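*Asks:* Please read through the structure below; I'll follow up with questions.
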Amino acid sequence: MRLVSVQKCFSFVFQKDSKIGSIMAQSSGSNTGKKLIRIDVSSDSVCPWCFVGKRNLDKAIAQSKDQFDFEIKWHPFFLDPSAPKEGVSKREYYEKKFGSRTQVLLARITEIFRNVGLEYDMSGLTGNTLDSHRLIYFAGKQGLDKQHALVEELYLGYFTQGKYIGDREFLLESARKVGVEGAAEFLENPNKGVKEVNEDLQKYSANISGVPNYVINGKQQLSGGQPPEVFLRAFHVAAK
């Protein structure tokens with residue numbers, strides 16, 4: 001299995017975009033007569049480019065919802081599998097990883113976030129993302145719309161509110177906001193969902209070199225925080 005380093009996550013360059021809102025994934029169960037676009041997304045909960053990519057993807061979906069139905073599934077990726085579960089200072093972690101480049105990188109991230117209507121928050125802790133991926137998997141069992149909404153809540157909390165991705169209360173709060181039931185009992189057992197997360201990792205993310213990574217209808221592959229127009233073109237190609 002190939003795991004990308006956290007430095008790889010910071011290598012993507014994004015084009016500017018206007019402010020957008022979150023879009024709930026549409027169900028593929030409705031018989032609308034529109035072509036279905038299936039999107040498999042590999043991401044990590046602490047990758048800022050994954051959040052920017054999601055916002056751009058959501059904007060493309062909003063612009064083409066009259067043409068297509070969408071089914072979005074989120075799959076795990078670990079930028080740093082050895083990240084501590086107890087959490088460490090986000091700023092200190094970045095400074096240790098990037099040294100003298102830290103301020104330049106953070107300035108770039110802040111600019112990119114503002115381009116999609118977000119304020120990047122460097123406060124708080126970072127660390128192991130396994131529990132967040134377990135919860136995302138669990139939410140998906142209750143509906144892909146809930147899974148998609150949960151990913152948004154996790155990103156918002158971690159990147160814009162200084163919440164720690166490994167904090168149980170933050171995870172449960174995010175689950176409650178989007179209507180995921182039974183999250184507390186599920187997360188209480190540290191073994192629940194681990195097998196499924198690892199299987200999903202092997203199936204969808206083992207051979208990719210960076211996140212975010214998107215596979216559209218099994219034939220169009222995109223990586224990085226592509227602007228909405230790139231997603232729109234990919235939808236039309238995949239629907240042929």
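Ordering of the structure tokens sets the chain letters (A, B, ...); residue numbers start at 1 within each chain; ligands are numbered from 1 in the order shown.
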Give me the residues near Arg168 (chain A) as a list of chain:residue names, where near means some atom within 9 Å (using only C-alpha atoms) and where sequence neighbours in that chain fewer than 3 positions away do not count.

*Replies:*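 Here the answer would be A:Asp131, A:Tyr164, A:Ile165, A:Leu171, A:Leu172, A:Glu173, A:Ala184, A:Leu187.
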
*Asks:* If you keep N, CA and C atoms, can you produce a file of those selected residues as a PDB file, in the first residue's frame?

*Replies:*
```pdb
ATOM      1  N   ASP A 131     -10.480   7.451  13.889  1.00  0.00           N
ATOM      2  CA  ASP A 131     -11.848   7.518  14.400  1.00  0.00           C
ATOM      3  C   ASP A 131     -12.762   8.308  13.464  1.00  0.00           C
ATOM      4  N   TYR A 164     -10.474  19.433  17.343  1.00  0.00           N
ATOM      5  CA  TYR A 164      -9.525  18.335  17.152  1.00  0.00           C
ATOM      6  C   TYR A 164     -10.229  17.138  16.517  1.00  0.00           C
ATOM      7  N   ILE A 165      -9.701  16.656  15.427  1.00  0.00           N
ATOM      8  CA  ILE A 165     -10.326  15.584  14.653  1.00  0.00           C
ATOM      9  C   ILE A 165     -10.409  14.279  15.441  1.00  0.00           C
ATOM     10  N   LEU A 171     -16.563  14.605  17.342  1.00  0.00           N
ATOM     11  CA  LEU A 171     -17.081  13.632  16.383  1.00  0.00           C
ATOM     12  C   LEU A 171     -18.568  13.381  16.615  1.00  0.00           C
ATOM     13  N   LEU A 172     -18.951  13.224  17.878  1.00  0.00           N
ATOM     14  CA  LEU A 172     -20.362  12.966  18.194  1.00  0.00           C
ATOM     15  C   LEU A 172     -21.236  14.183  17.906  1.00  0.00           C
ATOM     16  N   GLU A 173     -20.712  15.358  18.172  1.00  0.00           N
ATOM     17  CA  GLU A 173     -21.452  16.580  17.857  1.00  0.00           C
ATOM     18  C   GLU A 173     -21.708  16.676  16.353  1.00  0.00           C
ATOM     19  N   ALA A 184     -22.346   7.198  19.224  1.00  0.00           N
ATOM     20  CA  ALA A 184     -21.638   7.046  20.500  1.00  0.00           C
ATOM     21  C   ALA A 184     -21.329   5.578  20.789  1.00  0.00           C
ATOM     22  N   LEU A 187     -18.587   4.309  18.243  1.00  0.00           N
ATOM     23  CA  LEU A 187     -17.217   4.753  18.493  1.00  0.00           C
ATOM     24  C   LEU A 187     -16.662   4.235  19.815  1.00  0.00           C
TER      25      LEU A 187
END
```

*Asks:* Any chance you could tabulate, as a Markdown table, the residues of region 66-115 of chain A at most 10 Å from region 148-159 of chain A with each one's nearest atom pair and distance in Å to one decimal, using only C-alpha atoms, in chain and rising number order?

*Replies:*
```
| residue | atom | partner | partner_atom | distance |
| --- | --- | --- | --- | --- |
| A:Glu71 | CA | A:His148 | CA | 9.8 |
| A:Ile72 | CA | A:His148 | CA | 7.2 |
| A:Lys73 | CA | A:His148 | CA | 7.6 |
| A:Trp74 | CA | A:His148 | CA | 7.4 |
| A:Phe113 | CA | A:Phe159 | CA | 9.4 |
```

*Asks:* With N, CA, C and O atoms kept, could you save the residues just selected as a PDB file, in the first residue's frame?

*Replies:*
```pdb
ATOM      1  N   GLU A  71     -24.280  10.212  -6.911  1.00  0.00           N
ATOM      2  CA  GLU A  71     -24.044   9.291  -5.801  1.00  0.00           C
ATOM      3  C   GLU A  71     -22.588   9.467  -5.396  1.00  0.00           C
ATOM      4  O   GLU A  71     -21.685   9.138  -6.166  1.00  0.00           O
ATOM      5  N   ILE A  72     -22.361   9.985  -4.197  1.00  0.00           N
ATOM      6  CA  ILE A  72     -21.005  10.283  -3.738  1.00  0.00           C
ATOM      7  C   ILE A  72     -20.650   9.391  -2.551  1.00  0.00           C
ATOM      8  O   ILE A  72     -21.392   9.320  -1.574  1.00  0.00           O
ATOM      9  N   LYS A  73     -19.524   8.719  -2.655  1.00  0.00           N
ATOM     10  CA  LYS A  73     -19.033   7.877  -1.567  1.00  0.00           C
ATOM     11  C   LYS A  73     -17.642   8.346  -1.155  1.00  0.00           C
ATOM     12  O   LYS A  73     -16.785   8.575  -2.006  1.00  0.00           O
ATOM     13  N   TRP A  74     -17.444   8.457   0.155  1.00  0.00           N
ATOM     14  CA  TRP A  74     -16.163   8.909   0.694  1.00  0.00           C
ATOM     15  C   TRP A  74     -15.359   7.720   1.214  1.00  0.00           C
ATOM     16  O   TRP A  74     -15.892   6.859   1.911  1.00  0.00           O
ATOM     17  N   PHE A 113      -8.472  29.140   1.092  1.00  0.00           N
ATOM     18  CA  PHE A 113      -9.715  28.987   1.849  1.00  0.00           C
ATOM     19  C   PHE A 113     -10.610  30.209   1.676  1.00  0.00           C
ATOM     20  O   PHE A 113     -11.824  30.082   1.513  1.00  0.00           O
TER      21      PHE A 113
END
```

*Asks:* I need the residues of region 171-233 of chain A that end up classed as strand (DSSP E) by DSSP on the backbone, written out as a PDB file with C-alpha atoms, in the first residue's frame.

*Replies:*
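Generated output (part.pdb):
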```
ATOM      1  CA  ASN A 213      -8.628  11.790  -5.462  1.00  0.00           C
ATOM      2  CA  TYR A 214     -11.854  11.385  -7.421  1.00  0.00           C
ATOM      3  CA  VAL A 215     -13.019   8.513  -9.615  1.00  0.00           C
ATOM      4  CA  ILE A 216     -16.104   9.390 -11.657  1.00  0.00           C
ATOM      5  CA  GLN A 220     -12.611   9.505 -15.073  1.00  0.00           C
ATOM      6  CA  GLN A 221      -9.925  10.131 -12.439  1.00  0.00           C
ATOM      7  CA  LEU A 222      -9.057  13.539 -11.036  1.00  0.00           C
ATOM      8  CA  SER A 223      -6.689  14.529  -8.256  1.00  0.00           C
TER       9      SER A 223
END
```

*Asks:* For the atom pair CA of Ala62 (chain A) and CA of Phe170 (chain A), what is the interatomic distance in Å to one decimal place?

*Replies:*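 A separation of 28.2 Å between them.
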
*Asks:* Go through region 76-226 of chain A and collect every residue that DSSP, computed from the backbone, puts in helix (DSSP H, G or I); the answer should be as a ChimeraX atom specification.

*Replies:* /A:90-115,130-141,144-160,168-177,183-188,194-205

*Asks:* Can you work out which one of A:Thr160, A:Thr102, A:Gln147, A:Ser89 has the shortest atom-to-atom distance to Tyr120 (chain A), counting only C-alpha atoms?

*Replies:* A:Thr160

*Asks:* Give the answer as one residue: which of A:Leu36, A:Arg108, A:Cys47, A:Lys146 has the shortest atom-to-atom distance to Lys177 (chain A), using only C-alpha atoms?

*Replies:*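 Among the listed residues, the smallest separation from Lys177 (chain A) belongs to A:Lys146.
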
*Asks:* Could you work out how far CA of Gly53 (chain A) lies from CA of Leu105 (chain A), giving the answer in Å with one decimal?

*Replies:* 17.2 Å

*Asks:* Kindly indicate which residue among A:Gln63, A:Thr110, A:Pro81, A:Val237 lies nearest to Asn217 (chain A), using only C-alpha atoms for the distances.

*Replies:*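 Looking at the shortest contact to Asn217 (chain A), the residue is A:Val237.
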
*Asks:* Extract, using only C-alpha atoms, all DNA, RNA and protein residues at most 9 Å from Lys35 (chain A), discarding same-chain residues fewer than 6 positions from it, and format them as a PyMOL selection string.

*Replies:* chain A and resi 67-70+239

*Asks:* As an exercise, work out the distance from CA of Gly124 (chain A) to CA of Pro48 (chain A) in Å and give it to one decimal place.

*Replies:*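 For CA of Gly124 (chain A) relative to CA of Pro48 (chain A), the distance reads 14.7 Å.
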
*Asks:* My list of candidates is A:Leu130, A:Leu118, A:Val230, A:Leu144. Which is closest to Asp80 (chain A) when distances are computed with only C-alpha atoms?

*Replies:*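 Nearest candidate to Asp80 (chain A) out of A:Leu130, A:Leu118, A:Val230, A:Leu144: A:Leu130.
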
*Asks:* Between A:Glu169, A:Pro76, A:Arg91, A:Arg38, single out the one closest to Gly193 (chain A), counting only C-alpha atoms.

*Replies:*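 Of all the options, A:Pro76 lies closest to Gly193 (chain A).
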